[in-house]
file data-v8.cif (mmCIF, C-alpha atoms)
data_my_file
loop_
_atom_site.group_PDB
_atom_site.id
_atom_site.type_symbol
_atom_site.label_atom_id
_atom_site.label_comp_id
_atom_site.auth_asym_id
_atom_site.auth_seq_id
_atom_site.Cartn_x
_atom_site.Cartn_y
_atom_site.Cartn_z
ATOM 1 C CA MET A 38 0.000 0.000 0.000
ATOM 2 C CA LYS A 39 1.233 3.509 -0.841
ATOM 3 C CA ILE A 40 0.562 6.369 1.585
ATOM 4 C CA GLY A 41 1.166 9.828 0.156
ATOM 5 C CA VAL A 42 2.443 12.607 2.423
ATOM 6 C CA VAL A 43 2.008 16.143 1.111
ATOM 7 C CA THR A 44 4.675 18.792 1.608
ATOM 8 C CA PHE A 45 3.435 22.394 1.496
ATOM 9 C CA PRO A 46 5.744 25.390 1.895
ATOM 10 C CA GLY A 47 5.958 25.515 5.694
ATOM 11 C CA SER A 48 5.084 21.878 6.425
ATOM 12 C CA LEU A 49 7.104 20.561 9.379
ATOM 13 C CA ASP A 50 5.899 17.071 10.196
ATOM 14 C CA ASP A 51 5.948 15.548 6.710
ATOM 15 C CA GLY A 52 9.146 13.619 7.519
ATOM 16 C CA ASP A 53 7.679 12.080 10.652
ATOM 17 C CA ALA A 54 4.399 11.275 8.870
ATOM 18 C CA ALA A 55 6.304 9.430 6.117
ATOM 19 C CA ARG A 56 8.328 7.597 8.777
ATOM 20 C CA ALA A 57 5.135 6.561 10.580
ATOM 21 C CA ALA A 58 3.699 5.232 7.307
ATOM 22 C CA ARG A 59 6.875 3.143 6.798
ATOM 23 C CA TYR A 60 6.807 1.882 10.420
ATOM 24 C CA ALA A 61 3.267 0.644 9.827
ATOM 25 C CA GLY A 62 4.419 -1.294 6.765
ATOM 26 C CA ALA A 63 3.349 1.002 3.952
ATOM 27 C CA GLU A 64 5.380 2.608 1.211
ATOM 28 C CA ALA A 65 5.604 6.351 1.858
ATOM 29 C CA VAL A 66 5.303 8.556 -1.235
ATOM 30 C CA ARG A 67 6.202 12.230 -0.953
ATOM 31 C CA LEU A 68 3.701 14.512 -2.705
ATOM 32 C CA TRP A 69 4.401 18.155 -3.568
ATOM 33 C CA HIS A 70 1.869 20.952 -3.107
ATOM 34 C CA ALA A 71 2.336 22.331 -6.642
ATOM 35 C CA ASP A 72 1.965 18.940 -8.351
ATOM 36 C CA PRO A 73 -1.681 17.875 -8.798
ATOM 37 C CA ASP A 74 -0.646 14.256 -9.524
ATOM 38 C CA LEU A 75 -1.218 11.853 -6.612
ATOM 39 C CA HIS A 76 1.235 9.318 -8.142
ATOM 40 C CA GLY A 77 -1.056 6.331 -7.550
ATOM 41 C CA VAL A 78 -1.226 6.539 -3.746
ATOM 42 C CA ASP A 79 -3.928 4.643 -1.857
ATOM 43 C CA ALA A 80 -4.237 7.149 1.013
ATOM 44 C CA VAL A 81 -3.009 10.652 1.821
ATOM 45 C CA VAL A 82 -1.692 12.326 4.981
ATOM 46 C CA LEU A 83 -1.764 16.129 5.272
ATOM 47 C CA PRO A 84 0.957 16.798 7.862
ATOM 48 C CA GLY A 85 1.364 19.398 10.584
ATOM 49 C CA GLY A 86 3.256 22.639 10.279
ATOM 50 C CA PHE A 87 2.560 26.183 9.160
ATOM 51 C CA SER A 88 1.642 25.925 5.475
ATOM 52 C CA TYR A 89 2.060 29.264 3.691
ATOM 53 C CA GLY A 90 3.113 30.828 6.982
ATOM 54 C CA ASP A 91 -0.410 30.445 8.419
ATOM 55 C CA TYR A 92 -1.167 33.718 6.611
ATOM 56 C CA LEU A 93 -4.828 34.853 6.566
ATOM 57 C CA ARG A 94 -6.067 31.775 8.474
ATOM 58 C CA CYS A 95 -4.344 28.439 9.105
ATOM 59 C CA GLY A 96 -4.925 26.264 6.044
ATOM 60 C CA ALA A 97 -6.810 28.961 4.090
ATOM 61 C CA ILE A 98 -4.208 29.273 1.333
ATOM 62 C CA ALA A 99 -3.105 25.621 1.292
ATOM 63 C CA ARG A 100 -6.669 24.731 0.396
ATOM 64 C CA PHE A 101 -6.087 26.260 -3.055
ATOM 65 C CA ALA A 102 -2.832 24.390 -3.729
ATOM 66 C CA PRO A 103 -2.950 22.335 -6.966
ATOM 67 C CA VAL A 104 -2.517 19.066 -5.038
ATOM 68 C CA MET A 105 -5.540 19.917 -2.864
ATOM 69 C CA GLU A 106 -7.872 20.124 -5.859
ATOM 70 C CA THR A 107 -7.012 16.518 -6.721
ATOM 71 C CA ILE A 108 -7.174 15.386 -3.089
ATOM 72 C CA THR A 109 -10.582 17.026 -2.556
ATOM 73 C CA LYS A 110 -12.020 15.206 -5.579
ATOM 74 C CA ALA A 111 -10.441 11.889 -4.550
ATOM 75 C CA ALA A 112 -11.592 12.261 -0.920
ATOM 76 C CA ASN A 113 -15.159 12.766 -2.112
ATOM 77 C CA ASP A 114 -14.730 9.493 -4.036
ATOM 78 C CA GLY A 115 -13.574 7.649 -0.896
ATOM 79 C CA LEU A 116 -9.776 8.063 -0.765
ATOM 80 C CA PRO A 117 -8.659 7.802 2.886
ATOM 81 C CA VAL A 118 -7.262 11.184 4.003
ATOM 82 C CA LEU A 119 -5.809 11.988 7.440
ATOM 83 C CA GLY A 120 -5.170 15.621 8.373
ATOM 84 C CA ILE A 121 -2.952 16.147 11.394
ATOM 85 C CA CYS A 122 -2.851 19.570 13.105
ATOM 86 C CA ASN A 123 -2.281 21.972 10.173
ATOM 87 C CA GLY A 124 -3.648 19.176 7.965
ATOM 88 C CA PHE A 125 -6.852 19.188 10.057
ATOM 89 C CA GLN A 126 -7.084 22.956 9.549
ATOM 90 C CA ILE A 127 -6.659 22.510 5.787
ATOM 91 C CA LEU A 128 -9.408 19.849 5.666
ATOM 92 C CA CYS A 129 -11.806 22.191 7.482
ATOM 93 C CA GLU A 130 -10.927 25.074 5.153
ATOM 94 C CA ALA A 131 -11.476 22.767 2.157
ATOM 95 C CA HIS A 132 -14.928 21.844 3.569
ATOM 96 C CA LEU A 133 -13.963 18.170 3.638
ATOM 97 C CA LEU A 134 -14.603 18.255 7.391
ATOM 98 C CA PRO A 135 -17.218 20.261 9.327
ATOM 99 C CA GLY A 136 -16.411 23.076 11.758
ATOM 100 C CA ALA A 137 -13.326 25.270 12.077
ATOM 101 C CA LEU A 138 -10.150 25.621 14.165
ATOM 102 C CA THR A 139 -9.450 28.901 15.928
ATOM 103 C CA ARG A 140 -6.861 30.448 18.223
ATOM 104 C CA ASN A 141 -6.310 28.554 21.478
ATOM 105 C CA GLN A 142 -8.654 30.028 24.064
ATOM 106 C CA HIS A 143 -5.785 30.892 26.431
ATOM 107 C CA LEU A 144 -3.719 32.332 23.530
ATOM 108 C CA HIS A 145 -0.671 30.212 24.441
ATOM 109 C CA PHE A 146 1.008 27.678 22.190
ATOM 110 C CA ARG A 147 0.540 24.349 23.967
ATOM 111 C CA ASN A 148 3.100 21.561 23.626
ATOM 112 C CA ARG A 149 2.826 18.434 25.773
ATOM 113 C CA ASP A 150 1.894 14.781 25.866
ATOM 114 C CA GLN A 151 -1.891 14.539 25.787
ATOM 115 C CA ARG A 152 -4.305 11.797 26.767
ATOM 116 C CA ILE A 153 -7.206 11.384 24.347
ATOM 117 C CA GLN A 154 -10.024 8.901 24.088
ATOM 118 C CA ILE A 155 -10.866 7.252 20.783
ATOM 119 C CA GLU A 156 -14.630 7.438 20.414
ATOM 120 C CA ASN A 157 -15.256 6.245 16.904
ATOM 121 C CA THR A 158 -13.517 3.305 15.269
ATOM 122 C CA GLN A 159 -15.690 3.297 12.131
ATOM 123 C CA THR A 160 -13.118 5.214 10.102
ATOM 124 C CA ALA A 161 -10.313 4.267 7.746
ATOM 125 C CA TRP A 162 -7.838 5.637 10.316
ATOM 126 C CA THR A 163 -9.119 4.304 13.663
ATOM 127 C CA ARG A 164 -10.391 0.786 12.987
ATOM 128 C CA ASP A 165 -7.343 -0.712 14.738
ATOM 129 C CA PHE A 166 -8.401 0.880 18.057
ATOM 130 C CA THR A 167 -11.102 -0.334 20.403
ATOM 131 C CA GLY A 168 -14.037 1.922 21.253
ATOM 132 C CA SER A 169 -13.300 4.255 24.222
ATOM 133 C CA GLN A 170 -9.590 3.287 24.158
ATOM 134 C CA GLU A 171 -7.391 5.933 25.810
ATOM 135 C CA ILE A 172 -4.065 6.793 24.186
ATOM 136 C CA VAL A 173 -1.264 9.310 24.795
ATOM 137 C CA ILE A 174 0.187 11.294 21.884
ATOM 138 C CA PRO A 175 1.830 14.745 21.698
ATOM 139 C CA VAL A 176 -0.250 17.871 21.160
ATOM 140 C CA LYS A 177 1.454 21.039 19.867
ATOM 141 C CA ASN A 178 -0.670 23.841 18.485
ATOM 142 C CA GLY A 179 -1.510 27.507 18.732
ATOM 143 C CA GLU A 180 -4.769 27.356 16.802
ATOM 144 C CA GLY A 181 -6.380 24.084 17.787
ATOM 145 C CA CYS A 182 -9.620 25.281 19.323
ATOM 146 C CA TYR A 183 -12.346 23.359 17.492
ATOM 147 C CA VAL A 184 -15.567 25.355 17.056
ATOM 148 C CA GLY A 185 -18.938 24.801 15.420
ATOM 149 C CA SER A 186 -22.540 25.824 15.973
ATOM 150 C CA PRO A 187 -24.419 23.959 18.749
ATOM 151 C CA GLU A 188 -26.613 22.382 16.042
ATOM 152 C CA LEU A 189 -23.555 21.106 14.166
ATOM 153 C CA LEU A 190 -21.971 19.713 17.332
ATOM 154 C CA ASP A 191 -25.226 17.958 18.291
ATOM 155 C CA GLN A 192 -25.380 16.439 14.835
ATOM 156 C CA LEU A 193 -21.741 15.269 14.979
ATOM 157 C CA GLU A 194 -22.423 13.595 18.333
ATOM 158 C CA ALA A 195 -25.593 11.932 17.032
ATOM 159 C CA ASP A 196 -23.878 10.674 13.860
ATOM 160 C CA GLY A 197 -20.746 9.401 15.635
ATOM 161 C CA GLN A 198 -18.515 11.843 13.748
ATOM 162 C CA ILE A 199 -16.504 12.791 16.827
ATOM 163 C CA VAL A 200 -13.494 10.494 16.538
ATOM 164 C CA ALA A 201 -11.572 11.481 19.697
ATOM 165 C CA ARG A 202 -11.852 13.782 22.718
ATOM 166 C CA TYR A 203 -9.297 15.227 25.107
ATOM 167 C CA VAL A 204 -9.145 13.514 28.496
ATOM 168 C CA GLY A 205 -8.079 15.598 31.500
ATOM 169 C CA GLU A 206 -7.206 19.211 30.779
ATOM 170 C CA ASN A 207 -8.467 20.491 27.425
ATOM 171 C CA PRO A 208 -5.288 21.931 25.833
ATOM 172 C CA ASN A 209 -6.892 24.582 23.632
ATOM 173 C CA GLY A 210 -10.506 25.193 24.616
ATOM 174 C CA SER A 211 -12.020 23.000 21.882
ATOM 175 C CA MET A 212 -15.797 22.798 22.168
ATOM 176 C CA ARG A 213 -16.972 19.602 23.841
ATOM 177 C CA ASP A 214 -13.281 18.571 24.208
ATOM 178 C CA ILE A 215 -13.159 17.546 20.547
ATOM 179 C CA ALA A 216 -9.702 16.382 19.407
ATOM 180 C CA ALA A 217 -10.634 14.644 16.137
ATOM 181 C CA VAL A 218 -13.602 14.461 13.755
ATOM 182 C CA ARG A 219 -14.479 12.483 10.625
ATOM 183 C CA ASN A 220 -16.620 13.053 7.567
ATOM 184 C CA GLU A 221 -19.890 11.184 7.118
ATOM 185 C CA ALA A 222 -18.312 8.406 5.060
ATOM 186 C CA GLY A 223 -15.455 7.893 7.543
ATOM 187 C CA ASN A 224 -12.622 8.059 4.982
ATOM 188 C CA VAL A 225 -11.572 11.592 5.983
ATOM 189 C CA VAL A 226 -10.338 12.223 9.538
ATOM 190 C CA GLY A 227 -8.843 15.357 11.075
ATOM 191 C CA ILE A 228 -6.943 15.227 14.364
ATOM 192 C CA MET A 229 -5.245 18.043 16.274
ATOM 193 C CA PRO A 230 -2.702 16.017 18.344
ATOM 194 C CA HIS A 231 0.099 14.195 16.528
ATOM 195 C CA PRO A 232 -0.062 10.395 16.119
ATOM 196 C CA GLU A 233 2.981 10.460 13.809
ATOM 197 C CA HIS A 234 5.187 11.602 16.725
ATOM 198 C CA ALA A 235 4.170 8.619 18.880
ATOM 199 C CA ILE A 236 5.295 5.542 16.971
ATOM 200 C CA ASP A 237 8.612 4.724 18.663
ATOM 201 C CA LEU A 238 9.479 4.914 22.380
ATOM 202 C CA LEU A 239 12.873 6.391 21.499
ATOM 203 C CA THR A 240 11.281 9.531 20.085
ATOM 204 C CA GLY A 241 7.757 9.693 21.494
ATOM 205 C CA PRO A 242 5.760 9.212 24.695
ATOM 206 C CA SER A 243 4.166 5.983 23.420
ATOM 207 C CA THR A 244 3.646 3.935 20.293
ATOM 208 C CA ASP A 245 -0.108 4.629 20.365
ATOM 209 C CA GLY A 246 -0.008 6.786 17.250
ATOM 210 C CA LEU A 247 0.955 3.861 15.060
ATOM 211 C CA GLY A 248 -2.641 2.620 15.281
ATOM 212 C CA PHE A 249 -3.814 5.336 12.881
ATOM 213 C CA PHE A 250 -1.415 4.102 10.213
ATOM 214 C CA THR A 251 -1.994 0.363 10.763
ATOM 215 C CA SER A 252 -5.737 1.122 10.602
ATOM 216 C CA VAL A 253 -5.524 2.487 7.081
ATOM 217 C CA LEU A 254 -3.484 -0.532 5.980
ATOM 218 C CA LYS A 255 -6.230 -2.795 7.302
ATOM 219 C CA ALA A 256 -8.907 -0.688 5.621
ATOM 220 C CA TYR A 257 -6.973 -1.006 2.379
ATOM 221 C CA ALA A 258 -6.554 -4.778 2.756
ATOM 222 C CA ALA A 259 -10.267 -5.190 3.539
ATOM 223 C CA ALA A 260 -11.243 -3.155 0.487
ATOM 224 C CA SER A 261 -8.954 -5.263 -1.725
ATOM 225 C CA VAL A 262 -10.499 -8.595 -0.741
ATOM 226 C CA PRO A 263 -13.139 -9.833 -3.185
ATOM 227 C CA ALA A 264 -16.693 -10.028 -1.876
ATOM 228 C CA PRO A 265 -17.262 -13.299 0.007
ATOM 229 C CA TYR A 266 -19.143 -16.059 -1.736
ATOM 230 C CA GLN A 267 -22.833 -16.058 -0.885
ATOM 231 C CA PRO A 268 -24.722 -19.292 -1.475
ATOM 232 C CA GLY A 269 -27.731 -18.915 -3.697
ATOM 233 C CA VAL A 270 -26.490 -15.747 -5.315
ATOM 234 C CA VAL A 271 -25.462 -16.249 -8.877
ATOM 235 C CA PRO A 272 -22.939 -13.667 -10.004
ATOM 236 C CA PRO A 273 -23.859 -12.038 -13.305
ATOM 237 C CA ALA A 274 -21.970 -13.626 -16.158
ATOM 238 C CA GLU A 275 -19.484 -11.329 -17.783
ATOM 239 C CA ASP A 276 -19.218 -11.395 -21.532
ATOM 240 C CA ALA A 277 -21.167 -14.639 -21.676
ATOM 241 C CA PRO A 278 -21.058 -16.012 -25.194
ATOM 242 C CA GLU A 279 -24.418 -15.864 -26.888
ATOM 243 C CA GLU A 280 -25.998 -19.232 -27.357
ATOM 244 C CA VAL A 281 -26.064 -20.275 -30.942
ATOM 245 C CA GLU A 282 -28.943 -22.414 -32.049
ATOM 246 C CA ALA A 283 -27.865 -25.482 -33.882
ATOM 247 C CA MET B 529 -7.005 52.869 -8.703
ATOM 248 C CA ALA B 530 -10.332 51.608 -7.417
ATOM 249 C CA ARG B 531 -10.250 50.302 -3.880
ATOM 250 C CA VAL B 532 -12.658 47.861 -2.275
ATOM 251 C CA VAL B 533 -12.465 47.387 1.493
ATOM 252 C CA VAL B 534 -13.399 44.050 3.039
ATOM 253 C CA ASP B 535 -13.975 43.892 6.806
ATOM 254 C CA VAL B 536 -13.850 40.414 8.305
ATOM 255 C CA MET B 537 -15.111 39.836 11.855
ATOM 256 C CA LEU B 538 -15.530 36.706 13.947
ATOM 257 C CA LYS B 539 -19.223 35.900 14.316
ATOM 258 C CA PRO B 540 -20.678 37.234 17.573
ATOM 259 C CA GLU B 541 -21.074 33.744 19.016
ATOM 260 C CA ILE B 542 -17.429 32.796 18.368
ATOM 261 C CA LEU B 543 -15.115 33.537 21.286
ATOM 262 C CA ASP B 544 -12.454 36.145 20.473
ATOM 263 C CA PRO B 545 -9.596 35.494 22.925
ATOM 264 C CA GLN B 546 -7.439 38.251 21.397
ATOM 265 C CA GLY B 547 -10.181 40.816 21.922
ATOM 266 C CA GLN B 548 -10.635 39.585 25.478
ATOM 267 C CA ALA B 549 -6.907 39.894 26.162
ATOM 268 C CA VAL B 550 -6.997 43.504 24.940
ATOM 269 C CA ALA B 551 -10.112 44.245 27.007
ATOM 270 C CA ASN B 552 -8.410 42.767 30.059
ATOM 271 C CA ALA B 553 -5.401 45.067 29.527
ATOM 272 C CA LEU B 554 -7.484 48.257 29.381
ATOM 273 C CA PRO B 555 -7.755 48.773 33.154
ATOM 274 C CA ARG B 556 -3.951 49.103 33.174
ATOM 275 C CA LEU B 557 -4.452 52.172 30.971
ATOM 276 C CA GLY B 558 -6.911 53.514 33.478
ATOM 277 C CA VAL B 559 -9.856 52.701 31.181
ATOM 278 C CA SER B 560 -12.741 51.125 33.040
ATOM 279 C CA ASP B 561 -15.826 51.867 30.923
ATOM 280 C CA VAL B 562 -15.258 49.392 28.045
ATOM 281 C CA ALA B 563 -17.616 46.426 28.014
ATOM 282 C CA SER B 564 -15.933 44.363 25.314
ATOM 283 C CA VAL B 565 -13.340 44.443 22.529
ATOM 284 C CA ARG B 566 -13.451 42.330 19.389
ATOM 285 C CA ILE B 567 -10.685 42.154 16.805
ATOM 286 C CA GLY B 568 -11.217 41.638 13.093
ATOM 287 C CA ARG B 569 -9.300 42.105 9.852
ATOM 288 C CA ARG B 570 -9.481 44.891 7.260
ATOM 289 C CA VAL B 571 -8.437 43.960 3.728
ATOM 290 C CA GLU B 572 -7.888 46.558 0.995
ATOM 291 C CA ILE B 573 -8.223 45.302 -2.576
ATOM 292 C CA ASP B 574 -7.051 47.614 -5.333
ATOM 293 C CA PHE B 575 -8.502 46.813 -8.746
ATOM 294 C CA SER B 576 -6.441 47.895 -11.731
ATOM 295 C CA GLY B 577 -9.618 49.113 -13.465
ATOM 296 C CA GLU B 578 -13.120 49.751 -12.106
ATOM 297 C CA ALA B 579 -13.966 48.580 -8.604
ATOM 298 C CA ASP B 580 -15.724 45.234 -9.029
ATOM 299 C CA LEU B 581 -17.878 44.675 -5.953
ATOM 300 C CA ASP B 582 -19.150 41.271 -7.094
ATOM 301 C CA ARG B 583 -15.614 40.054 -7.683
ATOM 302 C CA ALA B 584 -14.596 41.366 -4.263
ATOM 303 C CA LYS B 585 -17.522 39.529 -2.666
ATOM 304 C CA GLU B 586 -16.390 36.315 -4.350
ATOM 305 C CA ILE B 587 -12.831 36.821 -3.063
ATOM 306 C CA ALA B 588 -14.137 37.512 0.442
ATOM 307 C CA ASP B 589 -16.463 34.512 0.440
ATOM 308 C CA LYS B 590 -13.975 31.997 -0.968
ATOM 309 C CA LEU B 591 -10.744 33.143 0.641
ATOM 310 C CA LEU B 592 -10.731 36.167 2.955
ATOM 311 C CA ALA B 593 -13.413 34.915 5.345
ATOM 312 C CA ASN B 594 -14.308 31.463 6.624
ATOM 313 C CA PRO B 595 -18.133 31.557 6.672
ATOM 314 C CA VAL B 596 -18.178 28.920 9.434
ATOM 315 C CA ILE B 597 -16.720 31.365 11.955
ATOM 316 C CA GLU B 598 -16.584 34.785 10.287
ATOM 317 C CA ASP B 599 -18.864 37.458 8.782
ATOM 318 C CA TYR B 600 -17.670 39.996 6.235
ATOM 319 C CA THR B 601 -18.766 43.268 4.668
ATOM 320 C CA VAL B 602 -17.621 44.604 1.305
ATOM 321 C CA ARG B 603 -17.691 48.270 0.263
ATOM 322 C CA VAL B 604 -16.151 50.517 -2.363
ATOM 323 C CA GLU B 605 -13.927 53.118 -0.741
ATOM 324 C CA GLN B 606 -14.960 56.591 -1.875
#
call {"tool": "encode", "arguments": {"input": "data-v8.cif", "output": "structure tokens"}}
result
Amino acid sequence: MKIGVVTFPGSLDDGDAARAARYAGAEAVRLWHADPDLHGVDAVVLPGGFSYGDYLRCGAIARFAPVMETITKAANDGLPVLGICNGFQILCEAHLLPGALTRNQHLHFRNRDQRIQIENTQTAWTRDFTGSQEIVIPVKNGEGCYVGSPELLDQLEADGQIVARYVGENPNGSMRDIAAVRNEAGNVVGIMPHPEHAIDLLTGPSTDGLGFFTSVLKAYAAASVPAPYQPGVVPPAEDAPEEVEA
Amino acid sequence: MARVVVDVMLKPEILDPQGQAVANALPRLGVSDVASVRIGRRVEIDFSGEADLDRAKEIADKLLANPVIEDYTVRVEQ
């Protein structure tokens, strides 16, 4: 399986995201913001950082990058896409995910190991977790405060689109402690903390983050398996030769 | 040159921590009669020809403002 990692001007965590993809057993393919070609990848990670200097709003300019036009189309067709931190902001700006990310309520950049609870495992990126599993991965953001109208938040809760919530202190003031959300189909996930920094005990607080990357490999493997045989169901014949009367 | 001014403000229901921080600093200036401060963004667009208000609205809607959290107004500067 090939996982593409996009580099925008100002991306910082693209190297770690590619490394996480390799740790999980995938081939990491580096994608460039100005190149609309996805080079045959089976999933895409939008990494953290400060694309285009965070000018205007975080992710507002990256949304119009040539590669994003292709990714937006592919995501609407089911391509698994994970946006981490700045990637989450880009997905919200591109309207691939609901809501928006704003300045941390306390105005401070927050950088620490964060406990979160996985709430929804019906996504391409979280199926390797168990429901309500708690994990610890780093959080590091200045504009990670997730906001949406009360109606939107109620709807996300009802539809199971909240993928993870902060446990303990909320690091940025996100409404309803939301740390990660998904689209309706479950192929697009945005997360503010950084799973790609928690894949090896030498460099991270845990290896919990690897689960996001092994999840997408499993989703890919499941999608590649032919439909199981069902007794009594006759598959339609393809190109069946017409019967010739003698 | 024809200038169009776009004002972008956070929607009233969205918390503005920057505005709050400024409001909280005002007592240090001896100002005590300010109820709230909200901070937005003013964008000046200079068209090379006539001021195109519709074009400016499109720019504001697609790029300058995020309609999920922000409102905007567009006007030709006289």
call {"tool": "closest_residue", "arguments": {"input": "data-v8.cif", "among": "A:Pro84, A:Gly241, A:Pro103, A:Gly47", "to": "Ala71 of chain A", "atoms": "all atoms listed in the file"}}
result
A:Pro103
call {"tool": "residues_around", "arguments": {"input": "data-v8.cif", "residues": "Lys590 of chain B", "least_positions_apart": "3", "cutoff": "12 Å", "atoms": "all atoms listed in the file", "output": "list of chain:residue names"}}
result
A:Ala97, A:Ile98, A:Arg100, A:Phe101, A:Glu130, A:Ala131, A:His132, B:Arg583, B:Ala584, B:Lys585, B:Glu586, B:Ile587, B:Ala593, B:Asn594, B:Pro595, B:Val596, B:Glu598, B:Tyr600
call {"tool": "interface_residues", "arguments": {"input": "data-v8.cif", "of": "chain A", "to": "chain B", "cutoff": "10 Å", "atoms": "all atoms listed in the file", "output": "list of chain:residue names"}}
result
A:Leu93, A:Arg94, A:Ala97, A:Ile98, A:Arg100, A:Phe101, A:Cys129, A:Glu130, A:His132, A:Pro135, A:Gly136, A:Ala137, A:Leu138, A:Thr139, A:Arg140, A:Asn141, A:Gln142, A:His143, A:Leu144, A:Val184, A:Gly185, A:Ser186
call {"tool": "residues_near_point", "arguments": {"input": "data-v8.cif", "point": "(-20.1, 16.2, 8.3)", "cutoff": "10 Å", "atoms": "only C-alpha atoms", "output": "ChimeraX atom specification"}}
result
/A:132-136,189-190,192-193,196,198-199,218-223,225
call {"tool": "write_last_selection", "arguments": {"input": "data-v8.cif", "atoms": "C-alpha atoms", "output": "mmCIF file, keeping the file's coordinate frame"}}
result
data_model
loop_
_atom_site.group_PDB
_atom_site.id
_atom_site.type_symbol
_atom_site.label_atom_id
_atom_site.label_comp_id
_atom_site.auth_asym_id
_atom_site.auth_seq_id
_atom_site.Cartn_x
_atom_site.Cartn_y
_atom_site.Cartn_z
ATOM 1 C CA HIS A 132 -14.928 21.844 3.569
ATOM 2 C CA LEU A 133 -13.963 18.170 3.638
ATOM 3 C CA LEU A 134 -14.603 18.255 7.391
ATOM 4 C CA PRO A 135 -17.218 20.261 9.327
ATOM 5 C CA GLY A 136 -16.411 23.076 11.758
ATOM 6 C CA LEU A 189 -23.555 21.106 14.166
ATOM 7 C CA LEU A 190 -21.971 19.713 17.332
ATOM 8 C CA GLN A 192 -25.380 16.439 14.835
ATOM 9 C CA LEU A 193 -21.741 15.269 14.979
ATOM 10 C CA ASP A 196 -23.878 10.674 13.860
ATOM 11 C CA GLN A 198 -18.515 11.843 13.748
ATOM 12 C CA ILE A 199 -16.504 12.791 16.827
ATOM 13 C CA VAL A 218 -13.602 14.461 13.755
ATOM 14 C CA ARG A 219 -14.479 12.483 10.625
ATOM 15 C CA ASN A 220 -16.620 13.053 7.567
ATOM 16 C CA GLU A 221 -19.890 11.184 7.118
ATOM 17 C CA ALA A 222 -18.312 8.406 5.060
ATOM 18 C CA GLY A 223 -15.455 7.893 7.543
ATOM 19 C CA VAL A 225 -11.572 11.592 5.983
#
call {"tool": "resolve_selection", "arguments": {"input": "data-v8.cif", "expression": "the PyMOL selection byres ((chain B and resi 572) around 8)", "output": "PDB file with C-alpha atoms, in the frame of the given file"}}
result
ATOM      1  CA  ARG B 531     -10.250  50.302  -3.880  1.00  0.00           C
ATOM      2  CA  VAL B 532     -12.658  47.861  -2.275  1.00  0.00           C
ATOM      3  CA  VAL B 533     -12.465  47.387   1.493  1.00  0.00           C
ATOM      4  CA  VAL B 534     -13.399  44.050   3.039  1.00  0.00           C
ATOM      5  CA  ARG B 570      -9.481  44.891   7.260  1.00  0.00           C
ATOM      6  CA  VAL B 571      -8.437  43.960   3.728  1.00  0.00           C
ATOM      7  CA  ILE B 573      -8.223  45.302  -2.576  1.00  0.00           C
ATOM      8  CA  ASP B 574      -7.051  47.614  -5.333  1.00  0.00           C
TER       9      ASP B 574
END
call {"tool": "resolve_selection", "arguments": {"input": "data-v8.cif", "expression": "the PyMOL selection byres ((chain A and resi 250) around 8)", "output": "PDB file with C-alpha atoms, keeping the file's coordinate frame"}}
result
ATOM      1  CA  ALA A  57       5.135   6.561  10.580  1.00  0.00           C
ATOM      2  CA  ALA A  58       3.699   5.232   7.307  1.00  0.00           C
ATOM      3  CA  ALA A  61       3.267   0.644   9.827  1.00  0.00           C
ATOM      4  CA  TRP A 162      -7.838   5.637  10.316  1.00  0.00           C
ATOM      5  CA  GLY A 246      -0.008   6.786  17.250  1.00  0.00           C
ATOM      6  CA  LEU A 247       0.955   3.861  15.060  1.00  0.00           C
ATOM      7  CA  GLY A 248      -2.641   2.620  15.281  1.00  0.00           C
ATOM      8  CA  PHE A 249      -3.814   5.336  12.881  1.00  0.00           C
ATOM      9  CA  THR A 251      -1.994   0.363  10.763  1.00  0.00           C
ATOM     10  CA  SER A 252      -5.737   1.122  10.602  1.00  0.00           C
ATOM     11  CA  VAL A 253      -5.524   2.487   7.081  1.00  0.00           C
ATOM     12  CA  LEU A 254      -3.484  -0.532   5.980  1.00  0.00           C
TER      13      LEU A 254
END
call {"tool": "build_atoms", "arguments": {"input": "data-v8.cif", "residues": "segment 573-580 of chain B", "atoms": "N, CA and C atoms", "output": "PDB file, in the frame of the given file"}}
result
ATOM      1  N   ILE B 573      -8.466  45.896  -1.251  1.00  0.00           N
ATOM      2  CA  ILE B 573      -8.223  45.302  -2.576  1.00  0.00           C
ATOM      3  C   ILE B 573      -8.231  46.432  -3.603  1.00  0.00           C
ATOM      4  N   ASP B 574      -7.136  46.579  -4.308  1.00  0.00           N
ATOM      5  CA  ASP B 574      -7.051  47.614  -5.333  1.00  0.00           C
ATOM      6  C   ASP B 574      -7.214  46.986  -6.712  1.00  0.00           C
ATOM      7  N   PHE B 575      -8.295  47.311  -7.384  1.00  0.00           N
ATOM      8  CA  PHE B 575      -8.502  46.813  -8.746  1.00  0.00           C
ATOM      9  C   PHE B 575      -7.730  47.706  -9.712  1.00  0.00           C
ATOM     10  N   SER B 576      -7.198  47.091 -10.769  1.00  0.00           N
ATOM     11  CA  SER B 576      -6.441  47.895 -11.731  1.00  0.00           C
ATOM     12  C   SER B 576      -7.387  48.764 -12.565  1.00  0.00           C
ATOM     13  N   GLY B 577      -8.636  48.291 -12.746  1.00  0.00           N
ATOM     14  CA  GLY B 577      -9.618  49.113 -13.465  1.00  0.00           C
ATOM     15  C   GLY B 577     -10.707  49.589 -12.515  1.00  0.00           C
ATOM     16  N   GLU B 578     -11.978  49.383 -12.934  1.00  0.00           N
ATOM     17  CA  GLU B 578     -13.120  49.751 -12.106  1.00  0.00           C
ATOM     18  C   GLU B 578     -13.199  48.864 -10.868  1.00  0.00           C
ATOM     19  N   ALA B 579     -13.736  49.397  -9.801  1.00  0.00           N
ATOM     20  CA  ALA B 579     -13.966  48.580  -8.604  1.00  0.00           C
ATOM     21  C   ALA B 579     -15.068  47.570  -8.908  1.00  0.00           C
ATOM     22  N   ASP B 580     -14.767  46.295  -8.718  1.00  0.00           N
ATOM     23  CA  ASP B 580     -15.724  45.234  -9.029  1.00  0.00           C
ATOM     24  C   ASP B 580     -16.211  44.630  -7.709  1.00  0.00           C
TER      25      ASP B 580
END
